[in-house]
Structures are given as structure tokens and as C-alpha cells.
Amino acid sequence: MNKRKGTKPSRRLRRMTAGAISALMLFTTLSFPVWGDDMVPEKRVLTVQSGSSTASVNGTSYTITKPQLKQGVLMAPLGVFKKAFGSEIKLEGENRVRLLQGAHTIVLVIDSKTAWIDGKKVQLPVEPMMISGTLMVPLRPVAAGIGAKVSSTQGKLSISLIVTDKEEKHDQDKINNTNGKTRIGNSYYEWSLNYPSWMIVGRGTDDESGSAFNDATGRYYLEVHASSQKAKLTPDDLLERLLTEVSDSGDVVLHQETVSRGAVPYARVISRDVDGVLWESRQYYANERVYELYFADEEAVHYKDMDKHAGLLGSFRTSYPAGDKSIKDVSSIVAGLREAGNEEYGIWFGIPAGWEINNKDMLYGKEGEGYLSVLVTSAPPGAEGTLEAWGQRLKEWLSESFVQDSYEYVGLKPVVISGVKGQIQEVRYNFGDRWITEYEVMIQKNGYRYYLEYAVPDGQKKTASDWKKVLASVEIDYDVVPENFGRIGDESYLMDKTKMRSKNSETYRYHIDIPRYWEPVRDQFEQSQVEYGFAGGGFEIKLDRDITAEYIVSSLKRYYQEAGSASGSKMKLLGVEQKTFAGVPATTFKVHQVKSGVGFTTEEIVFESGDIVYTITTTLNDANATEAQKAALERTLSSFELIK
């Protein structure tokens with residue numbers, strides 16, 4: 001069934017090909033026979049290892065599809081659960097798989113991070129996926145979902161489970177018929193609606209702001225979305241939004257109205273899409289959110305045919321009554337946090353709901369609200385490798401990177417994470433627009449450092465209130481990193497700012513020394529642009545062969561003059577100078593400006609050698625113009641040499 005066109009990516013949900021489904025059916029029915037028919041109570045231990053095609057159950061070896069790491073998460077064939085524990089695996093519909101083990105039920109959706117464990121919606125770190133005809137799943141969360149204990153030793157994962165011969169009977173009915181649930185909803189985004197007999201929960205958005213539902217035949221399809229909207233919208237405003245969306249998607253409007261009856265007024269549009277499918281779209285405003293419903297009936301012909309669904313759509317409420325046992329909660333958000341982490345580094349934690357997740361790089365956050373970053377590195381040898389030295393170096397970095405009025409050292413206190421003592425350093429800094437409080441968590445174990453950085457901009461009360469919950473949620477398996485890695489990591493931000501690395505470009509005929517603490521943005525020196533960043537600043541080299549230095553200089557002069565003279569301009573040209581740079585004539589521009597409350601100085605150096613025009617640009621925030629940072633820029637510029 002075609003999904004509604006629109007701006008939300010969840011409306012174009014992927015479906016598996018028939019070939020992939022056939023491979024899955026073969027996999028679940030033939031490849032992994034049940035280990036034993038007469039099961040007695042016993043402990044079974046399944047052992048697997050990344051990249052190894054050999055697995056074992058209680059010491060007996062079997063050949064499996066090689067487990068592999070995806071985004072730091074160990075993926076293993078789903079069939080190992082059947083092989084090891086006698087789990088029942090069933091294919092449902094096109095892309096849903098049900099795993100049954102004792103009292104536990106796991107529903108997985110291929111190519112979706114959304115899963116259901118014992119009826120509770122959860123977000124997996126990586127979506128189940130078909131790889132060469134085998135369904136691979138994230139091993140740790142699936143194992144935990146059937147009640148197994150997961151441990152790691154010498155680079156291998158062990159999954160242990162007590163298997164008995166008195167397995168509980170599973171409810172094979174649709175999810176809506178379990179446990180007497182009559183409504184479904186999302187406790188975090190505060191909505192609920194009736195639970196029709198046909199409803200099957202499908203793939204939603206990763207942040208759970210959007211949920212999708214369909215039926216087994218493909219006739220019905222429903223989406224519910226909730227998005228933040230501080231400014232209040234009237235039903236007329238909502239109708240205008242809907243009509244614009246329908247028009248942009250090329251649909252034909254068959255009926256439109258605003259409805260004022262009920263607790264929350266709403267806008268309603270019925271339309272026909274380009275494939276002839278009828279849709280009813282609704283929008284509500286409540287709880288400082290816009291709620292959107294999109295319902296399709298593939299057998300509807302006339303717009304009045306949609307009236308038969310008024311009972312379902314009319315049951316929608318912009319509320320989720322706490323403690324109402326009749327509602328099935330599709331949210332996996334607990335205490336405002338979503339689970340995140342990286343299997344490869346053995347670290348897991350909760351992050352505020354609504355933040356973007358990057359488990360591979362262990363970077364999480366939302367623009368303007370704050371962020372969490374996690375870094376795992378080897379500890380330096382000797383005295384520099386102590387926890388005390390680490391904290392002192394972080395403190396020194398602050399004074400090297402921010403001028404005195406732009407930072408504040410708050411203090412240091414102890415912390416214990418997964419049984420290991422560490423410390424938290426609290427600091428405050430300001431790039432110029434607003435102050436940010438940063439909690440720097442430092443843990444060392446087995447020769448490795450675990451560094452968590454949680455940043456809270458002033459005014460972000462929710463991010464601030466979430467900090468203690470995030471910290472309490474952190475779990476680290478300290479055996480994982482030593483098993484997976486040797487010496488790793490580069491704490492470039494803590495490096496001595498006087499240390500440099502040499503770079504050369506044969507194509508553009510120059511040599512330059514770059515501070516080791518700078519972070520590369522573009523560092524391919526045989527290409528026409530090189531760029532580095534550091535706290536509150538940047539460095540860039542641009543090379544041109546199709547333009548003259550005279551043209552660039554004249555363009556810059558004109559731009560700065562016009563921009564500086566504009567009404568209300570916060571740009572000031574500090575000077576234009578002719579000088580010798582790298583042994584050739586050069587023109588330098590020095591400009592100070594303020595953008596979004598951040599003041600900074602830019603210097604541009606333009607010169608020509610042979611057929612190449614060089615433009616070197618440095619940028620440094622006022623708040624970060626320390627002697628150490630300015631000296632690093634000066635050393636870099638002084639090191640530039642033309643190679644003949």
C-alpha cells in the first residue's frame with residue numbers, strides 16, 4: 001500500500017522484497033532446528049564472537065553466520081536463539097518477526113529500530129536487517145528481552161538462560177487483544193485512541209514522535225505525529241497547514257472543515273492521492289504540540305466512505321491518563337530518557353527524549369538544548385595516566401581555551417559508575433552568546449579512560465534536570481574495551497598546544513605545520529581546500545587556479561566596505577595591509593564582527609605564486625582569544641612555506 005507523500009520521512013516506510021522474505025522463511029524454518037524436543041530445567045550458555053562462524057552451546061560447537069559489528073553493536077543471526085534455547089520464531093506479515101521464549105515475547109520489525117518486548121515498545125540500537133539471506137539482530141538487547149544474562153570475556157559474548165520444560169503458553173492473537181487493553185497511546189507525547197481489532201503496530205520515527213499502524217490485509221494505514229509548537233494555533237490555522245501539505249503532495253481535496261465540538265477543536269481534510277487512495281487528515285493543537293493523524297482506507301471510493309471510521313479517529317485524545325491500565329503504551333521512554341550506547345565499547349546510558357542519537361560516534365544532542373559526548377581512549381603511561389593528572393589537564397585546558405572572563409571552574413567531586421570510582425568536574429564557559437554548564441565525567445579502568453561530557457546551556461531547565469538521571473543510568477562493562485582493542489584514542493583536545501605536525505602539498509606546492517590539538521574538518525592537502533577547527537576558532541586554506549589574487553582582493557574590499565556601512569552592521573574592518581608573506585607580496589584583511597551574540601575576529605591573507613592563488617583565513621572568538629590560542633595560530637602562519 002502506498003504511504004502518504006509529505007515532509008515526514010516516516011510516511012515512506014520501507015518494505016522488504018519478496019526475495020528477502022523467502023530467504024527469511026527458509027532461515028526460520030530450516031536453518032536452525034530446535035536443539036531438543038524434551039527440555040528439562042537446565043542452564044544453557046550460548047557463546048558467540050564477532051567475526052567467528054563458530055558458536056557453542058554448553059561447550060558444543062555449531063556453525064553460524066558470522067556475527068558482525070554494526071555501529072558498534074554486535075549483530076548475530078536470530079536463529080541462534082532457536083538453536084541454543086529452543087525459542088520459537090514466527091514470520092508475521094511482510095517484515096515482522098515474533099520471537100517466543102517462555103513468558104517472553106519479542107516482536108522485531110526488519111529495517112526498523114522499533115521493537116516490542118513483552119508488549120513494551122523499545123528502541124533498538126541498530127535495526128534488524130537481512131544480510132545475505134540471514135536475519136541479523138542486535139544480540140544484547142534481544143538476549144536481555146528473553147530474560148537471558150549477557151556477559152563478556154576475552155572478546156566473546158556469553159548468553160546464559162535457564163530453560164525449563166514448563167514454558168508458558170503464548171498469546172498468539174494480535175497485540176491489541178493482550179492483557180485487556182482497549183486503547184493505545186504514547187505516555188511521553190500525551191495522546192491515546194481506541195484500539196481497533198485490526199491494528200498492528202508498525203514502524204514509527206526513531207524519537208517516537210511518530211507512530212504508524214496498519215492491518216494484516218494492507219487495507220488500513222494510520223499515522224499519529226506529535227511535534228512541538230509553542231505558539232498556539234487555531235483550527236483555521238491548522239486547516240491552512242493541512243491544505244498546504246495536501247496541495248504540495250499533489251493530492252486532490254475532496255472535503256475540508258474545522259470541527260469545534262469536543263474537548264479539543266481540530267481541522268479535517270479528506271483527499272485522494274495520486275494513486276487513488278483516500279486519506280483523512282486531522283490536526284489538533286494541545287499541550288504546546290501539534291498532533292497530526294493520517295488515516296488511509298484503500299477500499300474507500302467516495303469521501304463519505306471515510307465517515308465509517310469516525311469512531312476510531314474521533315476517539316483520539318490529546319492526553320494519556322497516568323495509571324490507566326486500559327491503555328497500551330507504545331513509548332519506550334522511561335523517566336524522560338531513551339536508551340543509547342555502543343556495544344563495541346561496552347557502555348550504555350539514557351539520553352533525553354527528542355535528542356538525536358549517533359551511537360557509532362557516541363554523540364547525542366539537540367540544537368540549542370545541549371549534548372552528551374562519550375570518548376574512550378587509552379590512558380597515558382606514567383604519572384600523566386592518573387585520574388588526578390587527567391582532571392588537572394582538563395582544568396588547564398579551560399584556561400588555555402577561554403579568556404578569564406569567559407569561564408568558571410566550579411569544582412570536582414567523586415562518582416562511582418558500575419563499581420569503579422571516578423570524578424566529575426563541573427565547569428562553566430561562554431563563547432559569547434550564553435553560558436554553558438558542563439559536567440565532565442572521568443573514569444579509568446584496565447588502562448582505558450571513559451570520558452562523558454554533558455553540556456547544559458543556560459535556560460535549558462529540562463536538560464539541566466535530566467543530568468542526574470542520565471548520570472545514574474550509565475553502565476559500563478569494563479572488560480569489553482580490553483577485549484576488543486589495543487592502544488586506542490587520541491585526546492587531541494588535551495594535547496600541548498605547542499606541539500605541531502608537518503603537512504605538505506605537492507599539488508599546490510606548499511608546506512605548513514598544524515597544531516596537533518586542532519580537529520580536522522578537511523585535511524586532504526592535495527585538494528583545493530583544507531580546514532581545521534578548535535575551541536572557538538578555525539583555520540582554512542583555499543586554493544584557486546581559475547582566478548587572480550587581484551580579483552579576490554578587490555571583491556573582499558568591496559564586500560567589507562558595503563557590509564560595514566550597512567545600517568545596524570556589527571562588522572568592522574580593522575585594517576587592510578600590504579605585506580610579504582611566505583616570501584611573496586600579500587594583502588591581509590582584519591575584520592571584527594558579531595553574529596548571534598558571538599564576537600570574533602577574522603584575518604584573511606591573499607597572495608599568488610605561479611598559477612595558484614592562496615587564501616588563508618583564521619577565525620578566533622573574543623572569548624577564546626587566549627595567549628595560547630593566538631600563539632598556535634601565529635606558529636601555523638609562520639610555518640607556511642612555498643615549495644618550488
# chains A, B, ... in the order shown; residues from 1 in each chain; ligands from 1
>>> residues_around(residues="A:Leu452", least_positions_apart="4", cutoff="8 Å", atoms="only C-alpha atoms", output="mmCIF file with N, CA and C atoms, in the first residue's frame")
data_model
loop_
_atom_site.group_PDB
_atom_site.id
_atom_site.type_symbol
_atom_site.label_atom_id
_atom_site.label_comp_id
_atom_site.auth_asym_id
_atom_site.auth_seq_id
_atom_site.Cartn_x
_atom_site.Cartn_y
_atom_site.Cartn_z
ATOM 1 N N LEU A 372 25.461 15.339 24.795
ATOM 2 C CA LEU A 372 26.279 14.385 25.523
ATOM 3 C C LEU A 372 27.242 13.764 24.536
ATOM 4 N N SER A 373 28.520 13.782 24.850
ATOM 5 C CA SER A 373 29.506 13.091 24.019
ATOM 6 C C SER A 373 30.285 12.131 24.902
ATOM 7 N N VAL A 374 30.684 11.009 24.317
ATOM 8 C CA VAL A 374 31.404 9.971 25.053
ATOM 9 C C VAL A 374 32.659 9.616 24.267
ATOM 10 N N LEU A 375 33.775 9.534 24.961
ATOM 11 C CA LEU A 375 35.052 9.220 24.321
ATOM 12 C C LEU A 375 35.764 8.163 25.144
ATOM 13 N N TYR A 439 29.396 19.145 32.615
ATOM 14 C CA TYR A 439 29.790 18.113 33.567
ATOM 15 C C TYR A 439 30.721 17.142 32.844
ATOM 16 N N GLU A 440 31.929 17.013 33.346
ATOM 17 C CA GLU A 440 32.946 16.182 32.708
ATOM 18 C C GLU A 440 33.218 14.972 33.599
ATOM 19 N N VAL A 441 32.736 13.814 33.162
ATOM 20 C CA VAL A 441 32.853 12.581 33.943
ATOM 21 C C VAL A 441 34.104 11.833 33.502
ATOM 22 N N MET A 442 34.957 11.493 34.480
ATOM 23 C CA MET A 442 36.220 10.811 34.190
ATOM 24 C C MET A 442 36.287 9.490 34.955
#
>>> residues_around(residues="A:Gly599", least_positions_apart="6", cutoff="6 Å", atoms="only C-alpha atoms", output="list in words")
Gln593, Asn621 and Asp622 of chain A
>>> write_last_selection(atoms="N, CA, C and O atoms", output="short mmCIF file (atom, residue, chain, number, x, y, z; two decimals), in the first residue's frame")
data_model
loop_
_atom_site.label_atom_id
_atom_site.label_comp_id
_atom_site.auth_asym_id
_atom_site.auth_seq_id
_atom_site.Cartn_x
_atom_site.Cartn_y
_atom_site.Cartn_z
N GLN A 593 33.56 41.13 13.90
CA GLN A 593 32.11 41.14 13.74
C GLN A 593 31.44 40.35 14.84
O GLN A 593 32.10 39.63 15.61
N ASN A 621 37.21 33.53 18.23
CA ASN A 621 36.22 34.22 19.06
C ASN A 621 36.92 35.09 20.10
O ASN A 621 37.99 34.74 20.61
N ASP A 622 36.28 36.19 20.46
CA ASP A 622 36.81 37.04 21.52
C ASP A 622 36.97 36.25 22.81
O ASP A 622 37.95 36.42 23.54
#
>>> closest_residue(among="A:Glu475, A:Glu190, A:Glu240, A:Glu245", to="A:Ser319", atoms="only C-alpha atoms")
A:Glu190
>>> closest_residue(among="A:Glu280, A:Glu400, A:Glu550, A:Asp111", to="A:Gln629", atoms="only C-alpha atoms")
A:Glu400
>>> residues_around(residues="A:Lys462", least_positions_apart="5", cutoff="9 Å", atoms="only C-alpha atoms", output="VMD selection string")
chain A and resid 352 369 467
>>> residues_around(residues="A:Tyr532", least_positions_apart="3", cutoff="10 Å", atoms="only C-alpha atoms", output="ChimeraX atom specification")
/A:514-515,517-523,537-541,618
>>> decode(residues="stretch 78-113 of chain A", atoms="N, CA, C and O atoms", output="tab-separated table (two decimals), in the first residue's frame")
chain	number	residue	atom	x	y	z
A	78	LEU	N	19.39	-14.35	14.10
A	78	LEU	CA	18.30	-14.58	15.05
A	78	LEU	C	18.16	-16.05	15.39
A	78	LEU	O	17.79	-16.42	16.51
A	79	GLY	N	18.50	-16.89	14.43
A	79	GLY	CA	18.33	-18.33	14.63
A	79	GLY	C	19.16	-18.93	15.75
A	79	GLY	O	18.89	-20.05	16.18
A	80	VAL	N	20.18	-18.21	16.24
A	80	VAL	CA	20.96	-18.79	17.34
A	80	VAL	C	20.11	-18.97	18.59
A	80	VAL	O	20.39	-19.83	19.42
A	81	PHE	N	19.06	-18.17	18.74
A	81	PHE	CA	18.19	-18.31	19.91
A	81	PHE	C	17.37	-19.60	19.82
A	81	PHE	O	17.10	-20.24	20.83
A	82	LYS	N	17.00	-19.94	18.62
A	82	LYS	CA	16.28	-21.20	18.42
A	82	LYS	C	17.22	-22.38	18.66
A	82	LYS	O	16.87	-23.37	19.30
A	83	LYS	N	18.43	-22.24	18.15
A	83	LYS	CA	19.42	-23.30	18.29
A	83	LYS	C	19.79	-23.54	19.75
A	83	LYS	O	19.84	-24.68	20.23
A	84	ALA	N	20.01	-22.44	20.48
A	84	ALA	CA	20.50	-22.57	21.84
A	84	ALA	C	19.41	-22.84	22.86
A	84	ALA	O	19.59	-23.65	23.77
A	85	PHE	N	18.28	-22.18	22.73
A	85	PHE	CA	17.28	-22.21	23.79
A	85	PHE	C	15.93	-22.77	23.36
A	85	PHE	O	15.00	-22.83	24.16
A	86	GLY	N	15.81	-23.16	22.07
A	86	GLY	CA	14.54	-23.68	21.60
A	86	GLY	C	13.50	-22.60	21.40
A	86	GLY	O	12.29	-22.88	21.40
A	87	SER	N	13.94	-21.35	21.23
A	87	SER	CA	13.00	-20.25	21.03
A	87	SER	C	12.17	-20.50	19.78
A	87	SER	O	12.64	-21.07	18.79
A	88	GLU	N	10.92	-20.06	19.82
A	88	GLU	CA	10.03	-20.18	18.67
A	88	GLU	C	10.11	-18.88	17.86
A	88	GLU	O	10.00	-17.79	18.41
A	89	ILE	N	10.31	-18.99	16.56
A	89	ILE	CA	10.44	-17.83	15.68
A	89	ILE	C	9.36	-17.91	14.62
A	89	ILE	O	9.22	-18.92	13.93
A	90	LYS	N	8.58	-16.82	14.51
A	90	LYS	CA	7.46	-16.79	13.55
A	90	LYS	C	7.53	-15.54	12.70
A	90	LYS	O	7.79	-14.44	13.21
A	91	LEU	N	7.30	-15.69	11.41
A	91	LEU	CA	7.20	-14.56	10.49
A	91	LEU	C	5.76	-14.09	10.46
A	91	LEU	O	4.84	-14.87	10.32
A	92	GLU	N	5.54	-12.79	10.63
A	92	GLU	CA	4.20	-12.20	10.62
A	92	GLU	C	4.15	-11.07	9.59
A	92	GLU	O	4.87	-10.08	9.74
A	93	GLY	N	3.34	-11.22	8.59
A	93	GLY	CA	3.25	-10.17	7.57
A	93	GLY	C	4.52	-10.11	6.75
A	93	GLY	O	5.23	-11.10	6.57
A	94	GLU	N	4.79	-8.92	6.23
A	94	GLU	CA	5.92	-8.76	5.32
A	94	GLU	C	7.26	-8.63	6.03
A	94	GLU	O	8.27	-9.10	5.55
A	95	ASN	N	7.26	-7.96	7.19
A	95	ASN	CA	8.56	-7.64	7.77
A	95	ASN	C	8.61	-7.73	9.29
A	95	ASN	O	9.50	-7.19	9.91
A	96	ARG	N	7.62	-8.42	9.88
A	96	ARG	CA	7.59	-8.57	11.34
A	96	ARG	C	7.95	-10.00	11.71
A	96	ARG	O	7.48	-10.96	11.09
A	97	VAL	N	8.77	-10.13	12.76
A	97	VAL	CA	9.18	-11.44	13.25
A	97	VAL	C	8.91	-11.49	14.74
A	97	VAL	O	9.24	-10.56	15.48
A	98	ARG	N	8.29	-12.60	15.18
A	98	ARG	CA	7.98	-12.77	16.61
A	98	ARG	C	8.89	-13.85	17.17
A	98	ARG	O	8.98	-14.96	16.64
A	99	LEU	N	9.57	-13.54	18.29
A	99	LEU	CA	10.43	-14.49	18.99
A	99	LEU	C	9.77	-14.81	20.32
A	99	LEU	O	9.49	-13.92	21.12
A	100	LEU	N	9.50	-16.10	20.57
A	100	LEU	CA	8.81	-16.54	21.78
A	100	LEU	C	9.76	-17.39	22.62
A	100	LEU	O	10.35	-18.35	22.12
A	101	GLN	N	9.90	-17.02	23.89
A	101	GLN	CA	10.76	-17.78	24.80
A	101	GLN	C	10.14	-17.75	26.19
A	101	GLN	O	10.15	-16.71	26.86
A	102	GLY	N	9.58	-18.87	26.63
A	102	GLY	CA	8.96	-18.91	27.94
A	102	GLY	C	7.86	-17.88	28.05
A	102	GLY	O	6.94	-17.81	27.22
A	103	ALA	N	7.95	-17.03	29.09
A	103	ALA	CA	6.93	-16.00	29.30
A	103	ALA	C	7.20	-14.75	28.48
A	103	ALA	O	6.44	-13.78	28.55
A	104	HIS	N	8.27	-14.76	27.69
A	104	HIS	CA	8.70	-13.55	26.99
A	104	HIS	C	8.35	-13.60	25.50
A	104	HIS	O	8.44	-14.65	24.86
A	105	THR	N	7.95	-12.44	24.99
A	105	THR	CA	7.64	-12.27	23.57
A	105	THR	C	8.37	-11.04	23.05
A	105	THR	O	8.28	-9.96	23.64
A	106	ILE	N	9.10	-11.22	21.96
A	106	ILE	CA	9.78	-10.09	21.31
A	106	ILE	C	9.26	-10.00	19.88
A	106	ILE	O	9.26	-10.99	19.15
A	107	VAL	N	8.82	-8.82	19.50
A	107	VAL	CA	8.39	-8.57	18.12
A	107	VAL	C	9.39	-7.62	17.49
A	107	VAL	O	9.62	-6.51	17.98
A	108	LEU	N	10.02	-8.07	16.41
A	108	LEU	CA	11.01	-7.28	15.69
A	108	LEU	C	10.46	-6.88	14.33
A	108	LEU	O	9.70	-7.63	13.71
A	109	VAL	N	10.85	-5.70	13.88
A	109	VAL	CA	10.47	-5.22	12.55
A	109	VAL	C	11.75	-5.04	11.75
A	109	VAL	O	12.65	-4.28	12.14
A	110	ILE	N	11.85	-5.76	10.66
A	110	ILE	CA	13.07	-5.71	9.85
A	110	ILE	C	13.27	-4.30	9.30
A	110	ILE	O	12.33	-3.66	8.83
A	111	ASP	N	14.48	-3.80	9.40
A	111	ASP	CA	14.87	-2.46	8.96
A	111	ASP	C	14.28	-1.36	9.82
A	111	ASP	O	14.17	-0.21	9.38
A	112	SER	N	13.86	-1.69	11.04
A	112	SER	CA	13.33	-0.68	11.96
A	112	SER	C	13.94	-0.89	13.34
A	112	SER	O	14.09	-2.02	13.81
A	113	LYS	N	14.26	0.23	14.01
A	113	LYS	CA	14.81	0.15	15.36
A	113	LYS	C	13.71	-0.07	16.40
A	113	LYS	O	14.02	-0.36	17.55
